[in-house]
file structure13.pdb (PDB, C-alpha atoms)
MODEL        1
ATOM      1  CA  MET A  13      84.361 -60.795  38.039
ATOM      2  CA  LYS A  14      82.734 -60.945  34.620
ATOM      3  CA  ARG A  15      79.314 -61.208  36.260
ATOM      4  CA  MET A  16      79.989 -58.085  38.348
ATOM      5  CA  LYS A  17      81.072 -56.124  35.245
ATOM      6  CA  ARG A  18      77.946 -57.204  33.389
ATOM      7  CA  ALA A  19      75.736 -56.197  36.332
ATOM      8  CA  THR A  20      77.489 -52.837  36.558
ATOM      9  CA  PHE A  21      77.074 -52.225  32.820
ATOM     10  CA  THR A  22      73.412 -53.169  32.927
ATOM     11  CA  ALA A  23      72.728 -50.834  35.863
ATOM     12  CA  ALA A  24      74.494 -47.957  34.109
ATOM     13  CA  ALA A  25      72.487 -48.512  30.940
ATOM     14  CA  LEU A  26      69.204 -48.502  32.846
ATOM     15  CA  LEU A  27      70.136 -45.268  34.666
ATOM     16  CA  SER A  28      70.994 -43.577  31.377
ATOM     17  CA  CYS A  29      67.655 -44.451  29.811
ATOM     18  CA  THR A  30      65.777 -43.246  32.901
ATOM     19  CA  LEU A  31      67.554 -39.868  32.785
ATOM     20  CA  ALA A  32      66.943 -39.590  29.077
ATOM     21  CA  PHE A  33      63.210 -40.119  29.419
ATOM     22  CA  SER A  34      63.043 -37.790  32.410
ATOM     23  CA  GLY A  35      64.920 -35.102  30.487
ATOM     24  CA  CYS A  36      62.527 -35.334  27.531
ATOM     25  CA  SER A  37      59.571 -34.866  29.858
ATOM     26  CA  LEU A  38      61.097 -31.718  31.381
ATOM     27  CA  ILE A  39      61.953 -30.222  28.013
ATOM     28  CA  SER A  40      58.412 -30.801  26.722
ATOM     29  CA  GLN A  41      56.925 -28.784  29.615
ATOM     30  CA  ALA A  42      59.431 -25.945  29.252
ATOM     31  CA  VAL A  43      58.754 -25.149  25.586
ATOM     32  CA  GLN A  44      54.928 -25.285  25.811
ATOM     33  CA  PRO A  45      53.641 -21.951  24.281
ATOM     34  CA  GLU A  46      51.894 -19.548  26.652
ATOM     35  CA  GLN A  47      48.263 -18.748  26.011
ATOM     36  CA  GLY A  48      48.940 -15.024  25.697
ATOM     37  CA  GLN A  49      51.569 -15.538  23.062
ATOM     38  CA  SER A  50      49.283 -17.838  21.130
ATOM     39  CA  GLY A  51      46.505 -15.221  21.231
ATOM     40  CA  GLU A  52      48.860 -12.487  20.047
ATOM     41  CA  GLN A  53      49.933 -14.641  17.158
ATOM     42  CA  SER A  54      46.329 -15.287  16.190
ATOM     43  CA  ASN A  55      45.642 -11.557  16.234
ATOM     44  CA  ALA A  56      48.696 -10.910  14.118
ATOM     45  CA  ASP A  57      47.566 -13.543  11.625
ATOM     46  CA  ALA A  58      44.109 -11.998  11.504
ATOM     47  CA  GLN A  59      45.649  -8.539  10.990
ATOM     48  CA  ASP A  60      47.745  -9.843   8.123
ATOM     49  CA  GLN A  61      44.705 -11.474   6.579
ATOM     50  CA  GLY A  62      42.724  -8.238   6.963
ATOM     51  CA  ASP A  63      45.496  -6.268   5.279
ATOM     52  CA  GLN A  64      45.520  -8.731   2.405
ATOM     53  CA  ASP A  65      41.742  -8.488   2.031
ATOM     54  CA  GLN A  66      41.945  -4.682   2.095
ATOM     55  CA  ASN A  67      44.655  -4.690  -0.550
ATOM     56  CA  ALA A  68      42.568  -6.996  -2.681
ATOM     57  CA  GLN A  69      39.534  -4.770  -2.249
ATOM     58  CA  GLY A  70      41.549  -1.678  -3.103
ATOM     59  CA  GLN A  71      42.809  -3.351  -6.251
ATOM     60  CA  GLY A  72      39.234  -4.314  -7.163
ATOM     61  CA  ASP A  73      37.987  -0.762  -6.538
ATOM     62  CA  GLN A  74      40.765   0.647  -8.682
ATOM     63  CA  ASN A  75      39.919  -1.701 -11.524
ATOM     64  CA  GLY A  76      36.239  -0.840 -11.157
ATOM     65  CA  GLN A  77      36.978   2.890 -11.248
ATOM     66  CA  GLU A  78      39.079   2.497 -14.372
ATOM     67  CA  SER A  79      36.287   0.496 -16.002
ATOM     68  CA  SER A  80      33.731   3.133 -14.993
ATOM     69  CA  ALA A  81      35.955   5.873 -16.363
ATOM     70  CA  ASP A  82      36.128   4.120 -19.704
ATOM     71  CA  GLN A  83      32.373   3.664 -19.765
ATOM     72  CA  ASN A  84      31.772   7.303 -18.777
ATOM     73  CA  GLY A  85      34.058   8.400 -21.564
ATOM     74  CA  GLN A  86      32.012   6.452 -24.072
ATOM     75  CA  GLU A  87      28.748   7.857 -22.711
ATOM     76  CA  GLN A  88      30.140  11.400 -22.746
ATOM     77  CA  ALA A  89      31.120  11.031 -26.362
ATOM     78  CA  GLY A  90      27.593   9.896 -27.210
ATOM     79  CA  GLN A  91      26.109  12.838 -25.342
ATOM     80  CA  ASP A  92      28.391  15.268 -27.169
ATOM     81  CA  GLN A  93      27.094  14.050 -30.491
ATOM     82  CA  THR A  94      23.445  14.587 -29.480
ATOM     83  CA  GLY A  95      24.007  17.765 -27.441
ATOM     84  CA  GLY A  96      22.531  20.029 -30.072
ATOM     85  CA  GLN A  97      19.276  18.088 -30.185
ATOM     86  CA  ASP A  98      18.953  18.098 -26.371
ATOM     87  CA  THR A  99      19.431  21.851 -26.219
ATOM     88  CA  SER A 100      16.744  22.450 -28.799
ATOM     89  CA  SER A 101      14.396  20.123 -26.924
ATOM     90  CA  ASP A 102      15.022  21.960 -23.630
ATOM     91  CA  GLN A 103      14.280  25.313 -25.242
ATOM     92  CA  SER A 104      11.060  23.961 -26.714
ATOM     93  CA  THR A 105       9.982  22.529 -23.346
ATOM     94  CA  SER A 106      10.755  25.794 -21.590
ATOM     95  CA  GLY A 107       8.659  27.725 -24.071
ATOM     96  CA  SER A 108       5.809  25.281 -23.652
ATOM     97  CA  SER A 109       5.931  25.605 -19.856
ATOM     98  CA  SER A 110       5.846  29.382 -20.079
ATOM     99  CA  SER A 111       2.803  29.382 -22.303
ATOM    100  CA  THR A 112       1.039  26.885 -20.004
ATOM    101  CA  SER A 113       1.794  29.031 -16.974
ATOM    102  CA  SER A 114       0.415  32.097 -18.699
ATOM    103  CA  ALA A 115      -2.717  30.276 -19.797
ATOM    104  CA  ASP A 116      -3.409  29.002 -16.261
ATOM    105  CA  GLY A 117      -2.681  32.365 -14.698
ATOM    106  CA  SER A 118      -0.504  30.662 -12.036
ATOM    107  CA  THR A 119       2.992  31.967 -11.372
ATOM    108  CA  GLY A 120       3.989  29.579  -8.581
ATOM    109  CA  SER A 121       4.819  32.435  -6.209
ATOM    110  CA  ASP A 122       5.041  32.045  -2.423
ATOM    111  CA  SER A 123       2.246  34.523  -1.720
ATOM    112  CA  GLY A 124      -0.352  33.378   0.793
ATOM    113  CA  ALA A 125      -3.432  31.496  -0.322
ATOM    114  CA  SER A 126      -6.907  32.171   1.068
ATOM    115  CA  SER A 127     -10.309  30.527   0.682
ATOM    116  CA  GLY A 128     -11.963  33.947   0.621
ATOM    117  CA  SER A 129     -11.558  37.466   1.925
ATOM    118  CA  GLN A 130      -9.604  37.444   5.173
ATOM    119  CA  GLY A 131     -11.530  39.103   7.972
ATOM    120  CA  GLN A 132     -11.690  39.335  11.756
ATOM    121  CA  VAL A 133     -14.821  38.703  13.787
ATOM    122  CA  SER A 134     -15.479  39.445  17.455
ATOM    123  CA  ILE A 135     -16.545  36.585  19.755
ATOM    124  CA  GLY A 136     -16.580  37.983  23.293
ATOM    125  CA  GLU A 137     -17.035  34.723  25.231
ATOM    126  CA  SER A 138     -15.690  34.266  28.767
ATOM    127  CA  PHE A 139     -15.843  31.460  31.331
ATOM    128  CA  GLU A 140     -14.106  30.205  34.478
ATOM    129  CA  ASP A 141     -12.944  26.748  35.451
ATOM    130  CA  PRO A 142     -14.591  26.328  38.889
ATOM    131  CA  GLU A 143     -12.066  23.785  40.184
ATOM    132  CA  MET A 144      -8.826  25.305  38.896
ATOM    133  CA  GLN A 145     -10.111  28.903  39.101
ATOM    134  CA  ASP A 146      -8.709  29.671  35.622
ATOM    135  CA  LYS A 147     -10.393  32.611  33.886
ATOM    136  CA  ILE A 148     -10.547  32.381  30.091
ATOM    137  CA  GLU A 149     -11.694  34.976  27.590
ATOM    138  CA  VAL A 150     -12.247  34.245  23.898
ATOM    139  CA  LEU A 151     -11.749  37.606  22.202
ATOM    140  CA  SER A 152     -11.981  37.204  18.427
ATOM    141  CA  ALA A 153     -11.237  35.049  15.388
ATOM    142  CA  VAL A 154      -9.754  35.521  11.922
ATOM    143  CA  ARG A 155     -11.431  33.722   9.041
ATOM    144  CA  ASN A 156      -9.746  32.883   5.716
ATOM    145  CA  PHE A 157      -6.245  33.578   7.023
ATOM    146  CA  GLU A 158      -3.835  33.824   4.108
ATOM    147  CA  SER A 159      -1.220  31.080   4.318
ATOM    148  CA  SER A 160       1.299  29.700   1.858
ATOM    149  CA  LYS A 161       2.120  26.869   4.279
ATOM    150  CA  ARG A 162      -1.409  25.509   4.013
ATOM    151  CA  ALA A 163      -2.051  26.469   0.389
ATOM    152  CA  SER A 164      -2.779  22.880  -0.649
ATOM    153  CA  ALA A 165      -5.385  22.433   2.114
ATOM    154  CA  ILE A 166      -7.047  25.691   1.100
ATOM    155  CA  GLU A 167      -7.148  24.672  -2.561
ATOM    156  CA  LEU A 168      -8.895  21.443  -1.564
ATOM    157  CA  GLY A 169     -11.694  23.360   0.151
ATOM    158  CA  GLY A 170     -10.254  23.945   3.600
ATOM    159  CA  GLU A 171      -9.562  27.127   5.525
ATOM    160  CA  VAL A 172      -7.100  28.531   8.054
ATOM    161  CA  VAL A 173      -8.838  29.948  11.139
ATOM    162  CA  LEU A 174      -7.140  31.897  13.932
ATOM    163  CA  LEU A 175      -8.568  32.182  17.450
ATOM    164  CA  GLU A 176      -7.537  34.808  20.023
ATOM    165  CA  VAL A 177      -7.701  33.863  23.718
ATOM    166  CA  LYS A 178      -6.701  35.547  26.981
ATOM    167  CA  ILE A 179      -6.067  33.483  30.119
ATOM    168  CA  THR A 180      -5.640  34.414  33.776
ATOM    169  CA  PRO A 181      -4.563  31.209  35.550
ATOM    170  CA  GLY A 182      -5.835  30.309  39.007
ATOM    171  CA  GLN A 183      -3.460  29.988  41.950
ATOM    172  CA  LYS A 184      -5.148  27.096  43.734
ATOM    173  CA  TYR A 185      -3.235  24.389  41.860
ATOM    174  CA  SER A 186      -0.133  24.214  39.703
ATOM    175  CA  GLY A 187       0.143  22.755  36.202
ATOM    176  CA  LEU A 188      -0.238  23.950  32.619
ATOM    177  CA  ILE A 189      -2.988  25.399  30.488
ATOM    178  CA  GLN A 190      -2.121  24.131  27.029
ATOM    179  CA  SER A 191      -3.240  24.953  23.507
ATOM    180  CA  GLY A 192      -4.475  21.374  23.159
ATOM    181  CA  ALA A 193      -7.332  22.210  25.515
ATOM    182  CA  PHE A 194      -8.958  24.203  22.679
ATOM    183  CA  LYS A 195     -10.206  21.846  19.942
ATOM    184  CA  ILE A 196     -12.213  22.641  16.805
ATOM    185  CA  SER A 197     -15.113  20.817  15.162
ATOM    186  CA  GLU A 198     -16.270  21.306  11.586
ATOM    187  CA  ASP A 199     -19.196  18.890  11.852
ATOM    188  CA  GLY A 200     -21.285  20.394  14.630
ATOM    189  CA  GLY A 201     -19.457  18.724  17.506
ATOM    190  CA  ALA A 202     -19.335  15.111  16.301
ATOM    191  CA  ASP A 203     -15.549  15.175  16.045
ATOM    192  CA  TYR A 204     -12.924  17.535  17.417
ATOM    193  CA  ARG A 205      -9.370  18.183  16.213
ATOM    194  CA  TYR A 206      -6.315  19.792  17.795
ATOM    195  CA  ASP A 207      -4.912  23.126  16.716
ATOM    196  CA  GLN A 208      -2.045  23.373  14.203
ATOM    197  CA  THR A 209      -0.371  26.476  15.555
ATOM    198  CA  ASP A 210       3.146  25.005  15.543
ATOM    199  CA  GLY A 211       3.341  24.811  11.753
ATOM    200  CA  LEU A 212       2.087  28.354  11.204
ATOM    201  CA  GLU A 213       3.903  30.391  13.853
ATOM    202  CA  ALA A 214       6.203  32.205  11.403
ATOM    203  CA  GLU A 215       3.341  33.296   9.128
ATOM    204  CA  MET A 216       1.236  34.354  12.100
ATOM    205  CA  ARG A 217       3.983  36.524  13.579
ATOM    206  CA  ALA A 218       4.695  38.062  10.174
ATOM    207  CA  ALA A 219       1.031  39.048   9.949
ATOM    208  CA  GLY A 220       0.956  40.467  13.478
ATOM    209  CA  TYR A 221      -0.743  37.565  15.287
ATOM    210  CA  GLU A 222       1.404  36.397  18.210
ATOM    211  CA  PRO A 223       0.988  32.616  18.712
ATOM    212  CA  PHE A 224      -0.378  31.325  22.002
ATOM    213  CA  GLU A 225       2.114  29.700  24.377
ATOM    214  CA  ASP A 226       1.331  27.244  27.159
ATOM    215  CA  VAL A 227       0.618  28.951  30.493
ATOM    216  CA  ARG A 228       2.078  27.826  33.802
ATOM    217  CA  ARG A 229      -0.317  28.526  36.645
ATOM    218  CA  ARG A 230       2.543  29.328  38.985
ATOM    219  CA  ASP A 231       3.492  32.289  36.786
ATOM    220  CA  GLY A 232       0.193  34.035  37.456
ATOM    221  CA  GLY A 233      -0.529  37.169  35.428
ATOM    222  CA  THR A 234      -2.512  37.362  32.193
ATOM    223  CA  HIS A 235      -1.488  35.627  28.963
ATOM    224  CA  GLN A 236      -2.855  36.347  25.502
ATOM    225  CA  GLY A 237      -2.219  34.812  22.087
ATOM    226  CA  TRP A 238      -3.588  33.216  18.915
ATOM    227  CA  LEU A 239      -4.296  29.594  18.005
ATOM    228  CA  ALA A 240      -4.439  28.307  14.409
ATOM    229  CA  TYR A 241      -6.772  25.665  12.981
ATOM    230  CA  VAL A 242      -6.982  24.132   9.510
ATOM    231  CA  PRO A 243     -10.407  22.518   8.947
ATOM    232  CA  ASN A 244     -10.588  20.207   5.934
ATOM    233  CA  GLU A 245     -13.899  21.706   4.783
ATOM    234  CA  LYS A 246     -14.779  25.353   5.135
ATOM    235  CA  GLN A 247     -17.952  25.949   7.170
ATOM    236  CA  ASP A 248     -20.085  28.978   7.951
ATOM    237  CA  ALA A 249     -19.420  28.430  11.662
ATOM    238  CA  TYR A 250     -17.186  26.199  13.775
ATOM    239  CA  THR A 251     -17.570  24.848  17.299
ATOM    240  CA  ILE A 252     -14.693  25.133  19.757
ATOM    241  CA  ARG A 253     -14.571  22.931  22.841
ATOM    242  CA  TYR A 254     -12.417  23.845  25.830
ATOM    243  CA  GLU A 255     -11.643  20.719  27.809
ATOM    244  CA  ARG A 256      -9.582  20.285  30.961
ATOM    245  CA  GLY A 257      -9.404  16.636  31.860
ATOM    246  CA  PRO A 258      -9.862  15.136  35.336
ATOM    247  CA  GLY A 259      -6.953  15.010  37.742
ATOM    248  CA  LYS A 260      -5.746  14.077  41.186
ATOM    249  CA  VAL A 261      -3.941  16.205  43.773
ATOM    250  CA  LEU A 262      -0.470  14.827  44.363
ATOM    251  CA  GLY A 263       0.085  13.278  47.770
ATOM    252  CA  THR A 264      -3.640  13.067  48.548
ATOM    253  CA  ASP A 265      -6.729  11.158  47.511
ATOM    254  CA  GLU A 266      -8.430  14.343  46.331
ATOM    255  CA  LYS A 267      -9.727  14.128  42.774
ATOM    256  CA  VAL A 268     -10.457  17.061  40.502
ATOM    257  CA  PRO A 269     -13.343  16.518  38.046
ATOM    258  CA  GLU A 270     -13.008  17.542  34.415
ATOM    259  CA  PHE A 271     -14.307  20.802  33.052
ATOM    260  CA  THR A 272     -15.717  21.281  29.541
ATOM    261  CA  THR A 273     -17.463  24.110  27.730
ATOM    262  CA  THR A 274     -18.127  25.017  24.091
ATOM    263  CA  PHE A 275     -18.598  28.151  21.986
ATOM    264  CA  ASP A 276     -18.845  28.995  18.286
ATOM    265  CA  ILE A 277     -16.707  30.861  15.768
ATOM    266  CA  PRO A 278     -19.119  32.693  13.457
ATOM    267  CA  SER A 279     -18.601  33.729   9.846
ATOM    268  CA  VAL A 280     -17.254  37.159   8.991
TER     269      VAL A 280
ENDMDL
END

call {"tool": "encode", "arguments": {"input": "structure13.pdb", "output": "C-alpha cells"}}
result
Amino acid sequence: MKRMKRATFTAAALLSCTLAFSGCSLISQAVQPEQGQSGEQSNADAQDQGDQDQNAQGQGDQNGQESSADQNGQEQAGQDQTGGQDTSSDQSTSGSSSSTSSADGSTGSDSGASSGSQGQVSIGESFEDPEMQDKIEVLSAVRNFESSKRASAIELGGEVVLLEVKITPGQKYSGLIQSGAFKISEDGGADYRYDQTDGLEAEMRAAGYEPFEDVRRRDGGTHQGWLAYVPNEKQDAYTIRYERGPGKVLGTDEKVPEFTTTFDIPSV
C-alpha cells in the first residue's frame, strides 16, 4: 500500500511539473510584442527625441538672440557717440563726388551712347536660296545706333549696328528662317559672330526699328525686320554672311546642300 501511494505521489508530481513548463512556454509566445507595435514605439521615441532637440535648439536661439541684442545695444551706443563725425564725413564725400562729376562732365544718365553720329545707309542686296526657294532682300543698315544697354561696349571702341532684311519664304519645304543665319564679321571674314538682337529689342522698338522674328516657311507671306550686332571694334565696313546649313528631307534619303552668300555693310 505504501509503495502504491509513493508511486501515485511521484506520478502526480511529474505531471504538475510538465504542465508548469508547458504553461510557461505558452505564456512566452502570447506576450511576444508585435512588429508593428515595436515600430510605432520606435517612432514615438524618435518623435520625443526630436521634440527635445527642437526645444534645446529654441532655447539656444533665444539665448543667442539675447546675446546679440546686448551686443547690438553696445554697438548702437558707440555709433551714437560718433554720429556727428559720420554725418560730416558723408557731407564732405558728397561734395567731393559732385565736384568730380562736374569736372568729368559725366552725369550718369541713362541716355543712349553712340560711337559717332547715328546714320542710316542703303544696301539694296537681294538673293534667293535655290534649294529652299527663299527670297531675301537686304534693305539698309543703321550705323552708330545709340544704346544705353551697350554703352560699355561702345566706350571700349565698339559699335551697335542694325540691319534691315525682308524675307519671302519658299513653299517647297517647311522649317524656319532664323536670325542666326545672318552673322557679322569685323575682320574681313576670318571670324563671324551671331546677332545680339534679343538684348536690344526694347531700345530698337523705342527708336522705331521693329526687331526681326524667326519666319516659318509654312506661313508664307513677306516678313521684314531689323537685326542688331555689337562688334567689339568699330570698322569702316562689315561683312555679313547668310548661311543655311545642309539638311535632309524627312522620310526620304534626299539631302539638301547648304547655301551661303555674303555682302557688306558700308560706312555712312

call {"tool": "closest_residue", "arguments": {"input": "structure13.pdb", "among": "A:Gly169, A:Pro278, A:Gly233, A:Pro223", "to": "Gly128 in chain A", "atoms": "only C-alpha atoms"}}
result
A:Gly169

call {"tool": "closest_residue", "arguments": {"input": "structure13.pdb", "among": "A:Gly211, A:Gly136, A:Pro181, A:Pro243", "to": "Asp231 in chain A", "atoms": "all atoms listed in the file"}}
result
A:Pro181

call {"tool": "residues_around", "arguments": {"input": "structure13.pdb", "residues": "range 259-266 of chain A", "least_positions_apart": "2", "cutoff": "12 Å", "atoms": "only C-alpha atoms", "output": "ChimeraX atom specification"}}
result
/A:143-144,184-187,256-257,268-271

call {"tool": "atom_distance", "arguments": {"input": "structure13.pdb", "atom1": "CA of Gln132 in chain A", "atom2": "CA of Glu255 in chain A"}}
result
24.6 Å

call {"tool": "residues_around", "arguments": {"input": "structure13.pdb", "residues": "range 192-209 of chain A", "least_positions_apart": "2", "cutoff": "10 Å", "atoms": "all atoms listed in the file", "output": "number ranges by chain"}}
result
A: 172-175, 177, 189-190, 211-214, 216, 223-226, 238-257, 272-277

call {"tool": "write_last_selection", "arguments": {"input": "structure13.pdb", "atoms": "C-alpha atoms", "output": "short mmCIF file (atom, residue, chain, number, x, y, z; two decimals), keeping the file's coordinate frame"}}
result
data_model
loop_
_atom_site.label_atom_id
_atom_site.label_comp_id
_atom_site.auth_asym_id
_atom_site.auth_seq_id
_atom_site.Cartn_x
_atom_site.Cartn_y
_atom_site.Cartn_z
CA VAL A 172 -7.10 28.53 8.05
CA VAL A 173 -8.84 29.95 11.14
CA LEU A 174 -7.14 31.90 13.93
CA LEU A 175 -8.57 32.18 17.45
CA VAL A 177 -7.70 33.86 23.72
CA ILE A 189 -2.99 25.40 30.49
CA GLN A 190 -2.12 24.13 27.03
CA GLY A 211 3.34 24.81 11.75
CA LEU A 212 2.09 28.35 11.20
CA GLU A 213 3.90 30.39 13.85
CA ALA A 214 6.20 32.20 11.40
CA MET A 216 1.24 34.35 12.10
CA PRO A 223 0.99 32.62 18.71
CA PHE A 224 -0.38 31.32 22.00
CA GLU A 225 2.11 29.70 24.38
CA ASP A 226 1.33 27.24 27.16
CA TRP A 238 -3.59 33.22 18.92
CA LEU A 239 -4.30 29.59 18.00
CA ALA A 240 -4.44 28.31 14.41
CA TYR A 241 -6.77 25.66 12.98
CA VAL A 242 -6.98 24.13 9.51
CA PRO A 243 -10.41 22.52 8.95
CA ASN A 244 -10.59 20.21 5.93
CA GLU A 245 -13.90 21.71 4.78
CA LYS A 246 -14.78 25.35 5.14
CA GLN A 247 -17.95 25.95 7.17
CA ASP A 248 -20.08 28.98 7.95
CA ALA A 249 -19.42 28.43 11.66
CA TYR A 250 -17.19 26.20 13.78
CA THR A 251 -17.57 24.85 17.30
CA ILE A 252 -14.69 25.13 19.76
CA ARG A 253 -14.57 22.93 22.84
CA TYR A 254 -12.42 23.84 25.83
CA GLU A 255 -11.64 20.72 27.81
CA ARG A 256 -9.58 20.28 30.96
CA GLY A 257 -9.40 16.64 31.86
CA THR A 272 -15.72 21.28 29.54
CA THR A 273 -17.46 24.11 27.73
CA THR A 274 -18.13 25.02 24.09
CA PHE A 275 -18.60 28.15 21.99
CA ASP A 276 -18.84 29.00 18.29
CA ILE A 277 -16.71 30.86 15.77
#

call {"tool": "decode", "arguments": {"input": "structure13.pdb", "residues": "range 151-162 of chain A", "atoms": "N, CA, C and O atoms", "output": "short mmCIF file (atom, residue, chain, number, x, y, z; two decimals), in the first residue's frame"}}
result
data_model
loop_
_atom_site.label_atom_id
_atom_site.label_comp_id
_atom_site.auth_asym_id
_atom_site.auth_seq_id
_atom_site.Cartn_x
_atom_site.Cartn_y
_atom_site.Cartn_z
N LEU A 151 17.84 95.45 -97.09
CA LEU A 151 17.40 96.79 -97.46
C LEU A 151 18.38 97.88 -97.04
O LEU A 151 18.81 98.69 -97.86
N SER A 152 18.71 97.94 -95.76
CA SER A 152 19.54 99.05 -95.27
C SER A 152 20.18 98.68 -93.94
O SER A 152 19.92 97.60 -93.38
N ALA A 153 21.00 99.58 -93.42
CA ALA A 153 21.66 99.40 -92.14
C ALA A 153 21.73 100.73 -91.41
O ALA A 153 21.70 101.80 -92.03
N VAL A 154 21.80 100.65 -90.09
CA VAL A 154 21.99 101.83 -89.24
C VAL A 154 23.33 101.69 -88.55
O VAL A 154 23.59 100.69 -87.87
N ARG A 155 24.18 102.68 -88.72
CA ARG A 155 25.49 102.69 -88.07
C ARG A 155 25.43 103.59 -86.84
O ARG A 155 24.66 104.56 -86.77
N ASN A 156 26.23 103.25 -85.83
CA ASN A 156 26.35 104.04 -84.60
C ASN A 156 25.00 104.21 -83.89
O ASN A 156 24.64 105.28 -83.41
N PHE A 157 24.25 103.10 -83.80
CA PHE A 157 22.96 103.15 -83.12
C PHE A 157 23.17 103.50 -81.65
O PHE A 157 24.00 102.92 -80.96
N GLU A 158 22.41 104.46 -81.18
CA GLU A 158 22.53 104.92 -79.80
C GLU A 158 21.89 103.90 -78.86
O GLU A 158 20.71 103.58 -79.01
N SER A 159 22.68 103.43 -77.89
CA SER A 159 22.20 102.38 -76.99
C SER A 159 22.80 102.55 -75.60
O SER A 159 24.02 102.62 -75.45
N SER A 160 21.93 102.62 -74.61
CA SER A 160 22.40 102.64 -73.22
C SER A 160 22.71 101.23 -72.74
O SER A 160 23.54 101.03 -71.84
N LYS A 161 22.06 100.22 -73.34
CA LYS A 161 22.31 98.83 -72.95
C LYS A 161 23.74 98.40 -73.30
O LYS A 161 24.32 97.57 -72.61
N ARG A 162 24.27 98.92 -74.36
CA ARG A 162 25.61 98.55 -74.80
C ARG A 162 26.59 99.72 -74.68
O ARG A 162 27.55 99.82 -75.42
#
